[in-house]
$ cat structure07.cif   # mmCIF, C-alpha atoms
data_structure
#
loop_
_atom_site.label_atom_id
_atom_site.label_comp_id
_atom_site.auth_asym_id
_atom_site.auth_seq_id
_atom_site.Cartn_x
_atom_site.Cartn_y
_atom_site.Cartn_z
CA MET D 500 -22.92 -23.29 -41.01
CA PRO D 501 -23.81 -25.94 -43.59
CA ASN D 502 -22.41 -29.40 -42.97
CA THR D 503 -21.63 -30.03 -46.65
CA LEU D 504 -18.64 -32.11 -47.56
CA GLN D 505 -15.86 -30.10 -49.22
CA ILE D 506 -13.13 -31.74 -51.26
CA SER D 507 -9.97 -30.04 -52.33
CA THR D 508 -6.40 -30.90 -53.13
CA ARG D 509 -3.32 -29.51 -51.49
CA GLY D 510 0.16 -29.48 -52.94
CA ASP D 511 1.14 -32.34 -55.19
CA ARG D 512 0.03 -35.33 -53.18
CA GLU D 513 -2.82 -34.54 -50.82
CA ILE D 514 -6.59 -34.82 -50.90
CA VAL D 515 -8.39 -32.79 -48.25
CA VAL D 516 -11.96 -33.51 -47.18
CA THR D 517 -13.81 -31.36 -44.65
CA ARG D 518 -17.22 -32.05 -43.17
CA ALA D 519 -19.09 -30.76 -40.13
CA PHE D 520 -21.13 -32.97 -37.81
CA ASP D 521 -23.93 -32.02 -35.41
CA ALA D 522 -22.35 -33.74 -32.43
CA PRO D 523 -19.78 -33.00 -29.73
CA ARG D 524 -16.19 -33.91 -30.50
CA THR D 525 -15.94 -36.75 -27.97
CA LEU D 526 -18.73 -38.64 -29.76
CA VAL D 527 -17.20 -38.10 -33.20
CA TRP D 528 -13.84 -39.22 -31.79
CA ASP D 529 -15.47 -42.43 -30.52
CA ALA D 530 -17.13 -43.01 -33.89
CA PHE D 531 -13.71 -42.86 -35.57
CA THR D 532 -11.81 -44.95 -33.04
CA LYS D 533 -14.08 -47.70 -31.65
CA PRO D 534 -14.40 -50.68 -34.02
CA GLU D 535 -18.04 -51.42 -33.08
CA LEU D 536 -18.89 -47.85 -34.15
CA VAL D 537 -16.56 -47.57 -37.16
CA ARG D 538 -18.10 -50.63 -38.80
CA GLN D 539 -21.53 -48.95 -38.74
CA TRP D 540 -20.56 -46.19 -41.15
CA LEU D 541 -17.18 -46.79 -42.84
CA LEU D 542 -18.85 -49.01 -45.42
CA GLY D 543 -18.52 -49.48 -49.15
CA PRO D 544 -21.24 -49.17 -51.78
CA PRO D 545 -24.57 -51.01 -51.30
CA GLY D 546 -24.10 -54.75 -51.16
CA TRP D 547 -20.80 -54.57 -49.28
CA THR D 548 -20.44 -55.53 -45.62
CA MET D 549 -17.50 -55.04 -43.28
CA PRO D 550 -16.69 -58.44 -41.78
CA VAL D 551 -13.37 -57.26 -40.31
CA CYS D 552 -12.87 -54.07 -38.31
CA GLU D 553 -9.95 -54.38 -35.92
CA ILE D 554 -8.29 -51.44 -34.26
CA ASP D 555 -5.33 -51.64 -31.88
CA PHE D 556 -5.66 -48.03 -30.86
CA ARG D 557 -2.20 -46.96 -29.71
CA VAL D 558 0.88 -45.48 -31.35
CA GLY D 559 2.48 -48.37 -33.21
CA GLY D 560 -0.76 -50.36 -33.10
CA ARG D 561 -2.23 -51.76 -36.30
CA TYR D 562 -5.72 -51.49 -37.69
CA ARG D 563 -7.34 -53.71 -40.29
CA TYR D 564 -10.54 -53.33 -42.32
CA VAL D 565 -12.00 -55.85 -44.74
CA TRP D 566 -15.06 -55.21 -46.88
CA ARG D 567 -16.86 -58.02 -48.70
CA ASN D 568 -19.55 -58.06 -51.34
CA GLU D 569 -22.36 -60.53 -51.99
CA SER D 570 -20.23 -62.60 -54.38
CA GLY D 571 -17.54 -62.94 -51.74
CA THR D 572 -15.03 -60.51 -53.29
CA GLU D 573 -12.99 -58.85 -50.58
CA MET D 574 -11.11 -55.58 -50.28
CA GLY D 575 -8.74 -55.16 -47.35
CA MET D 576 -7.02 -52.11 -45.96
CA SER D 577 -4.58 -51.84 -43.08
CA GLY D 578 -1.99 -49.64 -41.47
CA VAL D 579 -0.30 -48.45 -38.32
CA HIS D 580 -1.13 -45.61 -35.95
CA ARG D 581 1.66 -43.06 -36.08
CA GLU D 582 0.28 -40.32 -33.87
CA ILE D 583 -2.67 -40.03 -31.49
CA VAL D 584 -3.70 -36.82 -29.70
CA VAL D 585 -6.95 -37.40 -27.83
CA PRO D 586 -9.54 -36.13 -28.85
CA GLU D 587 -8.20 -34.09 -31.74
CA ARG D 588 -5.82 -35.91 -34.09
CA ILE D 589 -5.01 -39.33 -35.46
CA VAL D 590 -2.29 -40.03 -38.01
CA VAL D 591 -2.16 -43.46 -39.66
CA THR D 592 -0.56 -45.20 -42.60
CA GLU D 593 -2.93 -46.71 -45.11
CA LYS D 594 -2.45 -49.46 -47.67
CA PHE D 595 -4.90 -51.64 -49.54
CA ASP D 596 -4.24 -55.38 -49.92
CA GLN D 597 -4.90 -55.04 -53.63
CA SER D 598 -2.85 -51.92 -54.35
CA TRP D 599 -5.17 -49.96 -56.55
CA TYR D 600 -2.99 -46.90 -56.06
CA PRO D 601 0.81 -47.03 -55.98
CA GLY D 602 2.57 -47.02 -52.63
CA GLU D 603 1.40 -46.31 -49.13
CA ALA D 604 -0.56 -43.26 -47.98
CA VAL D 605 -0.58 -41.29 -44.73
CA GLY D 606 -3.96 -40.24 -43.38
CA THR D 607 -4.63 -37.51 -40.82
CA ILE D 608 -7.96 -37.05 -39.09
CA SER D 609 -8.37 -33.75 -37.20
CA LEU D 610 -11.41 -32.85 -35.13
CA ALA D 611 -12.22 -29.34 -33.90
CA GLU D 612 -15.28 -28.42 -31.90
CA GLN D 613 -17.14 -25.15 -32.56
CA GLY D 614 -20.41 -24.33 -30.85
CA GLY D 615 -21.61 -27.87 -30.36
CA LYS D 616 -20.58 -28.96 -33.86
CA THR D 617 -17.47 -30.88 -34.77
CA MET D 618 -15.46 -30.03 -37.87
CA LEU D 619 -13.61 -32.93 -39.42
CA THR D 620 -10.58 -32.35 -41.60
CA GLN D 621 -9.41 -35.53 -43.29
CA ILE D 622 -6.16 -35.31 -45.23
CA VAL D 623 -4.67 -38.23 -47.12
CA GLN D 624 -1.19 -37.82 -48.51
CA TYR D 625 -0.25 -40.19 -51.32
CA GLU D 626 3.25 -41.21 -52.31
CA SER D 627 3.09 -39.44 -55.63
CA ARG D 628 1.00 -37.15 -57.74
CA GLU D 629 0.11 -40.11 -59.93
CA ALA D 630 -1.18 -42.07 -56.95
CA ARG D 631 -3.39 -39.18 -55.93
CA GLU D 632 -4.67 -38.90 -59.49
CA VAL D 633 -5.72 -42.57 -59.45
CA VAL D 634 -7.63 -42.03 -56.23
CA LEU D 635 -9.37 -38.90 -57.49
CA LYS D 636 -10.46 -40.72 -60.62
CA SER D 637 -11.27 -44.07 -59.03
CA PRO D 638 -12.25 -43.89 -55.40
CA MET D 639 -12.75 -47.26 -53.75
CA GLU D 640 -16.37 -47.47 -54.80
CA SER D 641 -15.78 -47.34 -58.53
CA GLY D 642 -12.68 -49.48 -58.10
CA LEU D 643 -14.76 -52.17 -56.46
CA ALA D 644 -17.38 -51.90 -59.15
CA ALA D 645 -14.91 -51.93 -62.03
CA GLY D 646 -12.85 -54.83 -60.85
CA TYR D 647 -9.17 -54.93 -60.20
CA ASP D 648 -8.06 -55.77 -63.73
CA ARG D 649 -9.45 -52.58 -65.11
CA LEU D 650 -8.00 -50.65 -62.21
CA GLU D 651 -4.55 -52.03 -62.91
CA GLN D 652 -4.87 -51.02 -66.53
CA LEU D 653 -6.07 -47.57 -65.57
CA VAL D 654 -3.19 -47.06 -63.14
CA ALA D 655 -0.64 -48.28 -65.66
CA SER D 656 -1.98 -46.07 -68.41
CA MET D 657 -2.16 -43.03 -66.17
CA VAL D 658 1.38 -43.50 -64.89
CA ARG D 659 2.60 -43.86 -68.49
CA GLY D 660 0.55 -40.88 -69.55
CA GLU D 661 1.78 -38.63 -66.77
CA LYS D 662 5.43 -39.50 -67.44
CA THR D 663 5.24 -38.32 -71.01
CA ALA D 664 2.99 -35.31 -70.30
CA MET A 890 1.99 -49.48 -77.02
CA GLN A 891 1.43 -45.79 -77.56
CA PRO A 892 2.03 -43.42 -74.67
CA ILE A 893 -1.11 -41.56 -73.72
CA GLY A 894 0.46 -38.25 -72.71
CA TYR A 895 2.07 -35.55 -74.80
CA VAL A 896 4.65 -32.91 -74.01
CA HIS A 897 2.06 -30.18 -74.57
CA GLY A 898 -1.67 -30.47 -74.22
CA GLY A 899 -1.36 -33.71 -72.28
CA PRO A 900 -4.08 -34.90 -69.95
CA ALA A 901 -4.30 -32.33 -67.17
CA HIS A 902 -4.07 -33.48 -63.57
CA LEU A 903 -7.42 -33.58 -61.87
CA ASP A 904 -6.26 -31.32 -59.06
CA ALA A 905 -5.84 -28.56 -61.66
CA THR A 906 -9.52 -29.06 -62.35
CA PHE A 907 -10.36 -28.73 -58.65
CA ALA A 908 -8.51 -25.43 -58.55
CA ALA A 909 -10.15 -24.26 -61.75
CA LEU A 910 -13.66 -25.04 -60.56
CA ALA A 911 -13.15 -23.64 -57.06
CA ASP A 912 -13.42 -20.02 -58.22
CA PRO A 913 -16.85 -18.43 -58.91
CA THR A 914 -15.54 -16.20 -61.73
CA ARG A 915 -14.09 -19.22 -63.49
CA ARG A 916 -17.32 -21.16 -63.04
CA ALA A 917 -19.18 -18.21 -64.56
CA ILE A 918 -16.75 -18.15 -67.49
CA LEU A 919 -17.40 -21.85 -68.11
CA ALA A 920 -21.14 -21.23 -67.96
CA ARG A 921 -20.78 -18.42 -70.52
CA LEU A 922 -18.70 -20.63 -72.83
CA ALA A 923 -21.28 -23.40 -72.58
CA GLY A 924 -23.38 -21.04 -74.68
CA GLY A 925 -20.72 -20.73 -77.37
CA GLU A 926 -17.16 -19.55 -77.86
CA ALA A 927 -16.14 -16.02 -76.89
CA SER A 928 -13.17 -13.69 -77.07
CA VAL A 929 -11.30 -12.40 -74.03
CA ALA A 930 -13.02 -9.01 -74.38
CA GLU A 931 -16.45 -10.65 -74.53
CA LEU A 932 -15.66 -12.78 -71.48
CA ALA A 933 -14.35 -9.81 -69.46
CA GLU A 934 -17.39 -7.64 -70.04
CA PRO A 935 -19.90 -8.97 -67.46
CA PHE A 936 -17.30 -8.91 -64.69
CA ALA A 937 -16.11 -5.29 -64.80
CA MET A 938 -12.70 -6.91 -64.76
CA SER A 939 -9.73 -5.95 -66.87
CA GLN A 940 -8.66 -8.22 -69.69
CA PRO A 941 -5.37 -9.11 -67.99
CA ALA A 942 -7.35 -10.17 -64.91
CA ILE A 943 -9.67 -12.32 -67.01
CA SER A 944 -6.66 -13.72 -68.87
CA LYS A 945 -5.27 -15.03 -65.60
CA HIS A 946 -8.48 -16.96 -65.03
CA LEU A 947 -8.42 -18.22 -68.61
CA LYS A 948 -4.88 -19.56 -68.14
CA VAL A 949 -6.01 -21.56 -65.12
CA LEU A 950 -8.91 -22.99 -67.14
CA GLU A 951 -6.62 -23.80 -70.08
CA ARG A 952 -4.08 -25.56 -67.88
CA ALA A 953 -6.89 -27.69 -66.54
CA GLY A 954 -7.88 -28.55 -70.10
CA LEU A 955 -11.36 -27.16 -69.56
CA ILE A 956 -11.14 -24.56 -72.33
CA SER A 957 -9.11 -24.28 -75.49
CA ARG A 958 -8.25 -21.53 -77.94
CA GLY A 959 -9.77 -21.29 -81.37
CA ARG A 960 -7.64 -20.88 -84.45
CA ASP A 961 -8.85 -17.42 -85.51
CA ALA A 962 -5.50 -15.62 -85.29
CA GLN A 963 -7.04 -12.27 -84.50
CA ARG A 964 -9.71 -13.13 -82.00
CA ARG A 965 -8.41 -16.39 -80.47
CA PRO A 966 -11.83 -17.17 -79.12
CA ARG A 967 -11.99 -19.53 -76.20
CA ARG A 968 -14.18 -22.58 -76.35
CA LEU A 969 -15.39 -24.98 -73.73
CA GLU A 970 -13.89 -28.47 -73.73
CA ALA A 971 -17.21 -29.96 -72.76
CA GLN A 972 -16.16 -33.59 -72.77
CA ARG A 973 -13.19 -32.90 -70.52
CA LEU A 974 -15.38 -30.87 -68.16
CA GLY A 975 -17.97 -33.64 -68.13
CA GLU A 976 -15.38 -36.32 -67.36
CA ALA A 977 -13.74 -34.25 -64.65
CA THR A 978 -16.98 -33.36 -62.93
CA ALA A 979 -18.12 -36.99 -63.14
CA TRP A 980 -14.93 -38.06 -61.36
CA LEU A 981 -15.30 -35.38 -58.68
CA GLU A 982 -18.96 -36.27 -58.18
CA ASN A 983 -18.05 -39.95 -57.84
CA TYR A 984 -15.48 -39.19 -55.19
CA ARG A 985 -17.78 -36.81 -53.35
CA ARG A 986 -20.71 -39.26 -53.43
CA PHE A 987 -18.57 -42.06 -52.03
CA TRP A 988 -17.48 -40.06 -48.99
CA GLU A 989 -20.83 -38.32 -48.51
CA GLY A 990 -22.50 -41.75 -48.32
CA ARG A 991 -20.21 -42.73 -45.47
CA PHE A 992 -20.64 -39.43 -43.63
CA GLN A 993 -24.41 -39.59 -43.90
CA ARG A 994 -24.30 -42.96 -42.16
CA LEU A 995 -22.04 -41.34 -39.57
CA ASP A 996 -24.62 -38.53 -39.13
CA ALA A 997 -27.28 -41.18 -38.37
CA LEU A 998 -24.98 -43.00 -35.94
CA LEU A 999 -24.08 -39.77 -34.10
CA ASP A 1000 -27.77 -38.88 -33.87
CA ASP A 1001 -28.47 -42.29 -32.37
CA MET A 1002 -25.61 -41.96 -29.88
CA GLN A 1003 -26.88 -38.56 -28.70
CA LYS A 1004 -30.43 -39.83 -28.34
CA LYS A 1005 -29.20 -42.75 -26.24
CA GLN A 1006 -27.23 -40.39 -24.03
CA LYS A 1007 -30.37 -38.40 -23.23
CA ARG A 1008 -32.31 -41.41 -21.96
#

$ encode --input "structure07.cif" --output "structure tokens"
Amino acid sequence: MPNTLQISTRGDREIVVTRAFDAPRTLVWDAFTKPELVRQWLLGPPGWTMPVCEIDFRVGGRYRYVWRNESGTEMGMSGVHREIVVPERIVVTEKFDQSWYPGEAVGTISLAEQGGKTMLTQIVQYESREAREVVLKSPMESGLAAGYDRLEQLVASMVRGEKTA
Amino acid sequence: MQPIGYVHGGPAHLDATFAALADPTRRAILARLAGGEASVAELAEPFAMSQPAISKHLKVLERAGLISRGRDAQRRPRRLEAQRLGEATAWLENYRRFWEGRFQRLDALLDDMQKKQKR
């Protein structure tokens, strides 16, 4: 079974990513839930570090991530844990400090083990179809590269465009 | 300020493009149209598929803005909207590359963790 990343959309508001890993589920679970492990891979494009990676891993607990580039520009994301089922599911809210997509999103990580491999299903549900469209067209990487002003313009024009379409 | 969208023929949502590209027949149709416009009959031929069946695929591609109809009233040939396809695939590739970068780092971390366990 190839480990290739698959992206698809579901319904009006969701982006679904699936990816297999050659590791048992308990290790993948740790890599998603322990801050000292998360900060080793949940990074931005080259040149960005992750100076803040805090996880209060319990239902109702917050998490906070901050990425920073060489010029000192920062991008922060935080949310609350809504649901935790060890070692198979985590549901969190997600919001960026600089809202490059409208509203708040809900993210679900599901892990299933099959023959020594772990299948990840990552679903993020956005508040609206427009919000999802922004994310599809400008994932964090290109948002960081483009700068927030251009992102704001893009979002505004897309929301206007969708309303009259 | 002019609105960007229109009532008809407005910018298609990118998820319509995902759906359009997810099917191998539709990808083959796009590949055929990259070589030049074609009628429904011409497009149906290599697939041993009926014209109504091909038409369903063509509707999906049209809704995604990836193909358009020519003006020849009789033949209504379909043509590839190459710029739209290029933009859409660039966006998808961007998104995919961003997440694949992260997951490749995760692959390396998991490999490391398993090696450490064996010691």

$ residues_around --input "structure07.cif" --residues "Leu974 (chain A)" --least-positions-apart "5" --cutoff "10 Å" --atoms "all atoms listed in the file" --output "NGL selection string"
:A and (906 or 910 or 919 or 953-956 or 969 or 979-980)

$ closest_residue --input "structure07.cif" --among "A:Arg968, A:Arg986, A:Arg952, A:Arg960" --to "His902 (chain A)" --atoms "all atoms listed in the file"
A:Arg952

$ resolve_selection --input "structure07.cif" --expression "the PyMOL selection byres ((chain D and resi 562) around 10)" --output "list in words"
Pro534, Val551, Cys552, Glu553, Ile554, Asp555, Phe556, Arg557, Gly559, Gly560, Arg561, Arg563, Tyr564, Met576, Ser577, Gly578, Val579, His580, Val591, Thr592 and Glu593 of chain D

$ closest_residue --input "structure07.cif" --among "D:Leu504, D:Ala522, D:Val516, D:Ala611" --to "Met1002 (chain A)" --atoms "all atoms listed in the file"
D:Ala522

$ atom_distance --input "structure07.cif" --atom1 "CA of Arg991 (chain A)" --atom2 "CA of Thr517 (chain D)"
13.1 Å

$ residues_around --input "structure07.cif" --residues "region 937-942 of chain A" --least-positions-apart "6" --cutoff "12 Å" --atoms "all atoms listed in the file" --output "PyMOL selection string"
chain A and resi 914-915+928-931+948-949

$ closest_residue --input "structure07.cif" --among "A:Leu947, A:Phe936, A:Pro966, A:Phe907" --to "chain D" --atoms "all atoms listed in the file"
A:Phe907

$ atom_distance --input "structure07.cif" --atom1 "CA of Leu998 (chain A)" --atom2 "CA of Phe520 (chain D)"
10.9 Å

$ atom_distance --input "structure07.cif" --atom1 "CA of Gly602 (chain D)" --atom2 "CA of Phe531 (chain D)"
23.9 Å
